[in-house]
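Report on one structure; see the data block that follows.
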Amino acid sequence: MSAIPAKLQAVRLAMKAAASRAGRDPDSVRLLAVSKTKPAADVLEAALAGQRDFGENYVQEGVDKIAALGPLLPPGCSLVWHFIGPLQSNKTRPVAEHFDWVHSIDRLKVAQRLSGQRPAHLAPLQVCVQVNVSGEASKSGCAPAEVADLCRAVAALPRLRLRGLMTIPAPVDDFESQRRPLRQLRLLQADLVAQGLALDTLSMGMSHDLEAAIFEGSTLVRVGTAIFGARNTI
Ligand SMILES: *Cc1c(COP(=O)(O)O)cnc(C)c1O
């Protein structure tokens with residue numbers, strides 16, 4: 001019993017409720033369904049319930065799933081695939097060839113390779129720079145002090161389109177502690193916009209801190225567990 005459509009609906013309602021409490025337009029927050037470790041059948045179920053954006057963390061798993069979904073989708077239904085996991089520079093090619101977005105750019109070398117490998121017939125790869133705002137949460141992400149330089153360099157790459165910033169804060173329970181690193185990301189982004197970078201995406205908020213993220217201005221929440229249930233082991 002998966003009940004994916006019901007959980008998807010519940011997440012959408014929670015997002016709407018948070019947006020209205022925060023005084024924001026509910027349509028200004030996009031839902032990315034994180035399907036890592038879940039089979040293509042689960043993605044299909046969510047897609048048939050209207051979900052279009054999906055996030056994957058592991059290169060091979062993601063590429064296999066994208067290929068598996070192709071023939072299963074009804075005509076006219078095309079999905080948007082986001083790569084959100086750590087990306088090694090020797091694994092960039094399949095990501096450049098098969099994904100629409102990458103949220104986890106944390107160094108220039110990876111961005112340069114993605115730009116060089118993005119096929120000419122595809123739209124530019126939409127990217128976010130991942131920032132390690134709280135400093136201790138994960139080893140991934142560039143330091144806040146390095147964000148501006150990295151963003152400027154990424155924005156200049158021909159086959160990438162820089163859309164904004166992404167973060168994965170340390171998991172905490174209380175609302176105010178959740179908001180702190182998310183606010184930091186929002187302020188960093190506002191600073192970059194003031195410096196002339198055209199950024200429209202704040203990729204922040206997961207199953208446990210979706211509401212705090214929407215209060216702090218998230219435009220894209222990445223939700224796995226609340227839609228697909230606990231992760232499978234792969
Ligand atoms: C797994 C993952 C998510 C989803 O996390 P949940 O807690 O299951 O909602 C979001 N973002 C990233 C980068 C992830 O790796």
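Residue names in the structure tokens use chain letters A, B, ... in the order shown, residue numbers from 1 in each chain, and ligand numbers from 1 in the order shown.
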*Please provide the set of residues having any atom within 8 Å of stretch 175-190 of chain A, restricted to only C-alpha atoms, with same-chain residues fewer than 4 positions apart removed, written as a ChimeraX atom specification.*
/A:131,133-134,144,164-167,169,171,194,199,202,204,209,212-213,215-218
Print the selection's residues with all heavy atoms to a file, as a short mmCIF file (atom, residue, chain, number, x, y, z; two decimals), in the first residue's frame.
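The new file again-v8.cif reads:
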```
data_model
loop_
_atom_site.label_atom_id
_atom_site.label_comp_id
_atom_site.auth_asym_id
_atom_site.auth_seq_id
_atom_site.Cartn_x
_atom_site.Cartn_y
_atom_site.Cartn_z
N VAL A 131 25.39 25.65 -0.77
CA VAL A 131 26.13 26.38 0.25
C VAL A 131 26.04 25.64 1.58
O VAL A 131 24.97 25.19 1.98
CB VAL A 131 25.56 27.81 0.44
CG1 VAL A 131 26.45 28.63 1.36
CG2 VAL A 131 25.40 28.50 -0.91
N VAL A 133 25.75 26.43 4.81
CA VAL A 133 25.51 27.60 5.66
C VAL A 133 25.81 27.37 7.13
O VAL A 133 26.38 28.23 7.79
CB VAL A 133 24.07 28.19 5.56
CG1 VAL A 133 23.99 29.20 4.46
CG2 VAL A 133 23.03 27.12 5.41
N SER A 134 25.39 26.23 7.65
CA SER A 134 25.58 26.06 9.09
C SER A 134 26.99 25.58 9.42
O SER A 134 27.36 25.50 10.58
CB SER A 134 24.51 25.16 9.69
OG SER A 134 24.12 24.16 8.80
N PRO A 144 30.12 30.05 2.78
CA PRO A 144 29.43 31.30 2.45
C PRO A 144 30.38 32.37 1.87
O PRO A 144 30.00 33.09 0.95
CB PRO A 144 28.84 31.74 3.79
CG PRO A 144 28.61 30.46 4.52
CD PRO A 144 29.73 29.55 4.12
N GLY A 164 20.14 29.86 -8.70
CA GLY A 164 20.08 30.27 -7.30
C GLY A 164 20.95 29.44 -6.39
O GLY A 164 21.96 28.88 -6.83
N LEU A 165 20.54 29.36 -5.13
CA LEU A 165 21.33 28.68 -4.11
C LEU A 165 20.54 27.51 -3.51
O LEU A 165 19.31 27.52 -3.49
CB LEU A 165 21.69 29.65 -2.99
CG LEU A 165 22.47 30.91 -3.39
CD1 LEU A 165 22.76 31.78 -2.15
CD2 LEU A 165 23.76 30.57 -4.12
N MET A 166 21.28 26.54 -3.00
CA MET A 166 20.68 25.38 -2.35
C MET A 166 21.42 25.09 -1.06
O MET A 166 22.62 25.36 -0.96
CB MET A 166 20.79 24.19 -3.30
CG MET A 166 20.23 22.88 -2.77
SD MET A 166 21.41 21.89 -1.83
CE MET A 166 21.22 20.30 -2.61
N THR A 167 20.71 24.58 -0.05
CA THR A 167 21.41 24.16 1.16
C THR A 167 20.70 22.97 1.81
O THR A 167 19.50 22.74 1.59
CB THR A 167 21.56 25.31 2.18
OG1 THR A 167 22.54 24.95 3.16
CG2 THR A 167 20.24 25.62 2.91
N PRO A 169 20.58 22.03 5.65
CA PRO A 169 21.03 22.34 7.02
C PRO A 169 21.07 21.09 7.90
O PRO A 169 20.45 20.07 7.54
CB PRO A 169 19.97 23.30 7.54
CG PRO A 169 19.00 23.53 6.44
CD PRO A 169 19.22 22.49 5.40
N PRO A 171 19.82 18.67 10.62
CA PRO A 171 18.44 18.46 11.04
C PRO A 171 18.23 18.88 12.50
O PRO A 171 18.93 18.43 13.40
CB PRO A 171 18.23 16.96 10.87
CG PRO A 171 19.58 16.35 10.75
CD PRO A 171 20.54 17.42 10.36
N ALA A 194 21.55 41.72 -5.24
CA ALA A 194 21.92 43.14 -5.16
C ALA A 194 23.21 43.42 -5.94
O ALA A 194 23.42 44.53 -6.43
CB ALA A 194 22.08 43.55 -3.69
N LEU A 199 19.04 35.79 -9.96
CA LEU A 199 18.73 34.49 -9.33
C LEU A 199 17.27 34.46 -8.93
O LEU A 199 16.76 35.41 -8.35
CB LEU A 199 19.61 34.29 -8.09
CG LEU A 199 21.11 34.47 -8.29
CD1 LEU A 199 21.85 34.27 -6.98
CD2 LEU A 199 21.62 33.51 -9.34
N LEU A 202 15.49 29.57 -4.66
CA LEU A 202 16.07 29.21 -3.36
C LEU A 202 15.64 27.77 -3.09
O LEU A 202 14.50 27.52 -2.73
CB LEU A 202 15.52 30.10 -2.25
CG LEU A 202 16.32 31.31 -1.80
CD1 LEU A 202 15.58 32.03 -0.67
CD2 LEU A 202 17.73 30.93 -1.34
N MET A 204 15.51 25.05 -0.87
CA MET A 204 15.68 24.69 0.54
C MET A 204 14.35 24.23 1.13
O MET A 204 13.29 24.64 0.69
CB MET A 204 16.26 25.87 1.34
CG MET A 204 15.44 27.14 1.32
SD MET A 204 16.35 28.51 2.10
CE MET A 204 14.98 29.65 2.44
N ASP A 209 11.48 20.19 7.43
CA ASP A 209 11.58 21.64 7.65
C ASP A 209 10.95 22.46 6.51
O ASP A 209 11.30 23.63 6.30
CB ASP A 209 13.04 22.07 7.88
CG ASP A 209 13.92 21.80 6.68
OD1 ASP A 209 13.45 21.17 5.70
OD2 ASP A 209 15.09 22.21 6.72
N ALA A 212 9.31 25.80 7.71
CA ALA A 212 10.31 26.83 8.03
C ALA A 212 10.91 27.39 6.74
O ALA A 212 11.14 28.59 6.61
CB ALA A 212 11.40 26.23 8.93
N ALA A 213 11.16 26.49 5.77
CA ALA A 213 11.77 26.91 4.51
C ALA A 213 10.85 27.87 3.76
O ALA A 213 11.30 28.87 3.20
CB ALA A 213 12.11 25.70 3.66
N PHE A 215 8.59 29.75 5.08
CA PHE A 215 8.61 31.03 5.81
C PHE A 215 9.84 31.85 5.46
O PHE A 215 9.80 33.08 5.48
CB PHE A 215 8.55 30.79 7.33
CG PHE A 215 7.15 30.81 7.86
CD1 PHE A 215 6.29 29.73 7.65
CD2 PHE A 215 6.66 31.90 8.55
CE1 PHE A 215 4.98 29.75 8.12
CE2 PHE A 215 5.35 31.92 9.03
CZ PHE A 215 4.51 30.85 8.81
N GLU A 216 10.95 31.19 5.16
CA GLU A 216 12.18 31.93 4.85
C GLU A 216 12.35 32.19 3.36
O GLU A 216 13.43 32.58 2.92
CB GLU A 216 13.40 31.20 5.42
CG GLU A 216 13.49 31.30 6.94
CD GLU A 216 13.58 32.74 7.47
OE1 GLU A 216 13.94 33.65 6.69
OE2 GLU A 216 13.29 32.94 8.66
N GLY A 217 11.32 31.93 2.57
CA GLY A 217 11.39 32.34 1.17
C GLY A 217 11.77 31.27 0.17
O GLY A 217 12.06 31.58 -1.00
N SER A 218 11.77 30.01 0.59
CA SER A 218 12.08 28.94 -0.37
C SER A 218 11.19 29.02 -1.60
O SER A 218 9.99 29.29 -1.50
CB SER A 218 11.87 27.57 0.30
OG SER A 218 11.97 26.54 -0.66
#
```
*Show which residues sit within 7 Å of A:Phe54, as a PyMOL selection string. Count only C-alpha atoms, and ignore same-chain residues fewer than 5 positions away.*
chain A and resi 32-35+80-82
Go ahead and save the picked residues with C-alpha atoms, as an mmCIF file, in the first residue's frame.
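Result went into result-v7.cif, see below:
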```cif
data_model
loop_
_atom_site.group_PDB
_atom_site.id
_atom_site.type_symbol
_atom_site.label_atom_id
_atom_site.label_comp_id
_atom_site.auth_asym_id
_atom_site.auth_seq_id
_atom_site.Cartn_x
_atom_site.Cartn_y
_atom_site.Cartn_z
ATOM 1 C CA LEU A 32 10.505 18.591 -6.110
ATOM 2 C CA ALA A 33 9.668 14.941 -5.328
ATOM 3 C CA VAL A 34 12.880 13.215 -4.225
ATOM 4 C CA SER A 35 12.695 9.663 -5.559
ATOM 5 C CA VAL A 80 11.822 17.476 -15.155
ATOM 6 C CA TRP A 81 14.799 15.743 -13.572
ATOM 7 C CA HIS A 82 16.920 17.388 -10.893
#
```
*Could you give me, as a list in words, the residues within 10 Å of A:Ala41, counting only C-alpha atoms and dropping anything in the same chain fewer than 5 positions from it?*
Ala46, Ala47, Lys65, Ala68, Leu69 and Leu72 of chain A
*Do a neighbour search on A:Gly50 at 10 Å with only C-alpha atoms, toss out local chain neighbours closer than 4 positions, and write the hits as a PyMOL selection string.*
chain A and resi 5+8-9+44-46+77
Please write the residues from the selection above to a file, keeping C-alpha atoms, as a compact mmCIF listing (two decimals), in the first residue's frame.
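Final file, part_15.txt:
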```txt
# COMPACT_ATOMS: atom_id res chain seq x y z
CA PRO A 5 -1.05 10.25 -4.54
CA LEU A 8 1.59 13.99 -2.48
CA GLN A 9 -1.71 15.76 -1.94
CA LEU A 44 5.18 6.83 -12.44
CA GLU A 45 2.52 6.78 -9.73
CA ALA A 46 3.45 10.30 -8.65
CA CYS A 77 3.71 13.89 -19.99
```
*Which protein, DNA or RNA residues have an atom within 8 Å of ligand 1, counting only C-alpha atoms and all ligand atoms, as a PyMOL selection string?*
chain A and resi 33-34+36+55-57+84-85+103-104+167-168+204-208+221-227+229-231
*What separation in Å, quoted to one decimal, exists between atom CA of A:Pro74 and atom CA of A:Arg12?*
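Spanning atom CA of A:Pro74 to atom CA of A:Arg12 is a straight-line distance of 22.8 Å.
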_DSSP strand (DSSP E or B) selection over stretch 45-216 of chain A, as a VMD selection string_ = chain A and resid 53 to 56 80 to 83 101 to 105 125 to 131 142 160 to 166 201 to 203
*Restricting the calculation to only C-alpha atoms, which member of A:Arg152, A:Arg21, A:Lys139, A:His121 is positioned closest to A:Leu108?*
A:Arg152
_Surrounding residues of A:Ala148 excluding itself and chain neighbours under 2 positions, 9 Å, only C-alpha atoms, as a count of residues only_ = 11
*Name all residues at most 9 Å from A:Ile214 (count only C-alpha atoms; drop same-chain ones fewer than 6 positions away) and give them as a ChimeraX atom specification.*
/A:15,18-19,22,24,29,204-205,220-221
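For the atom pair formed by atom CA of A:Leu114 and atom CA of A:Ala96, the distance is 5.4 Å, given to one decimal.
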Backbone DSSP call of alpha helix (DSSP H) for stretch 54-126 of chain A, listed as a compact mmCIF listing (two decimals) with N, CA, C and O atoms, in the first residue's frame:
```
# COMPACT_ATOMS: atom_id res chain seq x y z
N VAL A 59 24.11 9.13 -9.48
CA VAL A 59 24.15 9.29 -10.94
C VAL A 59 23.57 8.06 -11.66
O VAL A 59 22.63 8.20 -12.45
N GLN A 60 24.10 6.88 -11.36
CA GLN A 60 23.67 5.71 -12.12
C GLN A 60 22.19 5.40 -11.89
O GLN A 60 21.44 5.12 -12.81
N GLU A 61 21.80 5.46 -10.62
CA GLU A 61 20.39 5.18 -10.30
C GLU A 61 19.47 6.17 -11.04
O GLU A 61 18.45 5.79 -11.61
N GLY A 62 19.86 7.43 -11.05
CA GLY A 62 19.04 8.46 -11.69
C GLY A 62 18.93 8.24 -13.18
O GLY A 62 17.83 8.27 -13.75
N VAL A 63 20.08 7.98 -13.82
CA VAL A 63 20.08 7.80 -15.27
C VAL A 63 19.26 6.57 -15.65
O VAL A 63 18.47 6.60 -16.61
N ASP A 64 19.39 5.49 -14.89
CA ASP A 64 18.61 4.27 -15.17
C ASP A 64 17.11 4.54 -15.03
O ASP A 64 16.31 4.08 -15.82
N LYS A 65 16.75 5.32 -14.00
CA LYS A 65 15.34 5.58 -13.75
C LYS A 65 14.75 6.48 -14.85
O LYS A 65 13.63 6.25 -15.31
N ILE A 66 15.53 7.47 -15.26
CA ILE A 66 15.06 8.36 -16.34
C ILE A 66 14.79 7.53 -17.59
O ILE A 66 13.76 7.69 -18.25
N ALA A 67 15.70 6.61 -17.90
CA ALA A 67 15.53 5.75 -19.09
C ALA A 67 14.32 4.84 -18.92
O ALA A 67 13.54 4.64 -19.85
N ALA A 68 14.13 4.29 -17.73
CA ALA A 68 13.02 3.37 -17.49
C ALA A 68 11.67 4.08 -17.62
O ALA A 68 10.70 3.51 -18.10
N LEU A 69 11.61 5.34 -17.18
CA LEU A 69 10.35 6.08 -17.21
C LEU A 69 9.93 6.46 -18.62
O LEU A 69 8.72 6.52 -18.90
N THR A 92 30.35 13.67 -14.22
CA THR A 92 29.48 14.76 -14.68
C THR A 92 28.78 14.48 -16.00
O THR A 92 27.69 14.98 -16.24
N ARG A 93 29.41 13.68 -16.88
CA ARG A 93 28.87 13.55 -18.23
C ARG A 93 27.42 13.03 -18.28
O ARG A 93 26.56 13.66 -18.91
N PRO A 94 27.13 11.88 -17.63
CA PRO A 94 25.74 11.42 -17.68
C PRO A 94 24.76 12.43 -17.07
O PRO A 94 23.60 12.51 -17.52
N VAL A 95 25.20 13.19 -16.11
CA VAL A 95 24.32 14.21 -15.51
C VAL A 95 24.06 15.32 -16.54
O VAL A 95 22.92 15.74 -16.75
N ALA A 96 25.11 15.77 -17.21
CA ALA A 96 24.96 16.82 -18.24
C ALA A 96 24.06 16.34 -19.37
O ALA A 96 23.35 17.14 -19.99
N GLU A 97 24.08 15.04 -19.64
CA GLU A 97 23.33 14.51 -20.79
C GLU A 97 21.88 14.17 -20.47
O GLU A 97 21.05 14.13 -21.36
N HIS A 98 21.57 13.89 -19.19
CA HIS A 98 20.23 13.36 -18.90
C HIS A 98 19.39 14.19 -17.94
O HIS A 98 18.19 13.97 -17.85
N LEU A 108 34.01 25.05 -8.96
CA LEU A 108 34.01 25.48 -10.35
C LEU A 108 34.32 24.34 -11.31
O LEU A 108 33.74 24.26 -12.40
N LYS A 109 35.20 23.44 -10.91
CA LYS A 109 35.60 22.37 -11.83
C LYS A 109 34.40 21.55 -12.30
O LYS A 109 34.28 21.22 -13.48
N VAL A 110 33.51 21.22 -11.37
CA VAL A 110 32.32 20.44 -11.70
C VAL A 110 31.43 21.25 -12.66
O VAL A 110 30.90 20.72 -13.64
N ALA A 111 31.28 22.53 -12.38
CA ALA A 111 30.44 23.38 -13.23
C ALA A 111 31.03 23.48 -14.64
O ALA A 111 30.30 23.40 -15.64
N GLN A 112 32.35 23.64 -14.74
CA GLN A 112 32.99 23.75 -16.05
C GLN A 112 32.79 22.48 -16.86
O GLN A 112 32.52 22.52 -18.06
N ARG A 113 32.92 21.34 -16.19
CA ARG A 113 32.73 20.07 -16.91
C ARG A 113 31.29 19.92 -17.37
O ARG A 113 31.03 19.50 -18.49
N LEU A 114 30.35 20.25 -16.51
CA LEU A 114 28.94 20.14 -16.89
C LEU A 114 28.64 21.03 -18.09
O LEU A 114 27.94 20.63 -19.03
N SER A 115 29.17 22.23 -18.08
CA SER A 115 28.94 23.15 -19.19
C SER A 115 29.54 22.60 -20.49
O SER A 115 28.89 22.59 -21.53
N GLY A 116 30.76 22.09 -20.39
CA GLY A 116 31.43 21.53 -21.56
C GLY A 116 30.73 20.30 -22.11
O GLY A 116 30.76 20.03 -23.31
N GLN A 117 30.08 19.55 -21.23
CA GLN A 117 29.48 18.28 -21.64
C GLN A 117 27.99 18.38 -21.94
O GLN A 117 27.38 17.40 -22.35
```
_Distance in Å - atom CA of A:Ser89 versus atom CA of A:Ser203_ =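 Spanning atom CA of A:Ser89 to atom CA of A:Ser203 is a straight-line distance of 21.9 Å.
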_Here is a test: counting only C-alpha atoms, which residue of A:Ala155, A:Ile105, A:Ile4, A:Leu160 is nearest to A:Gln126?_
A:Leu160
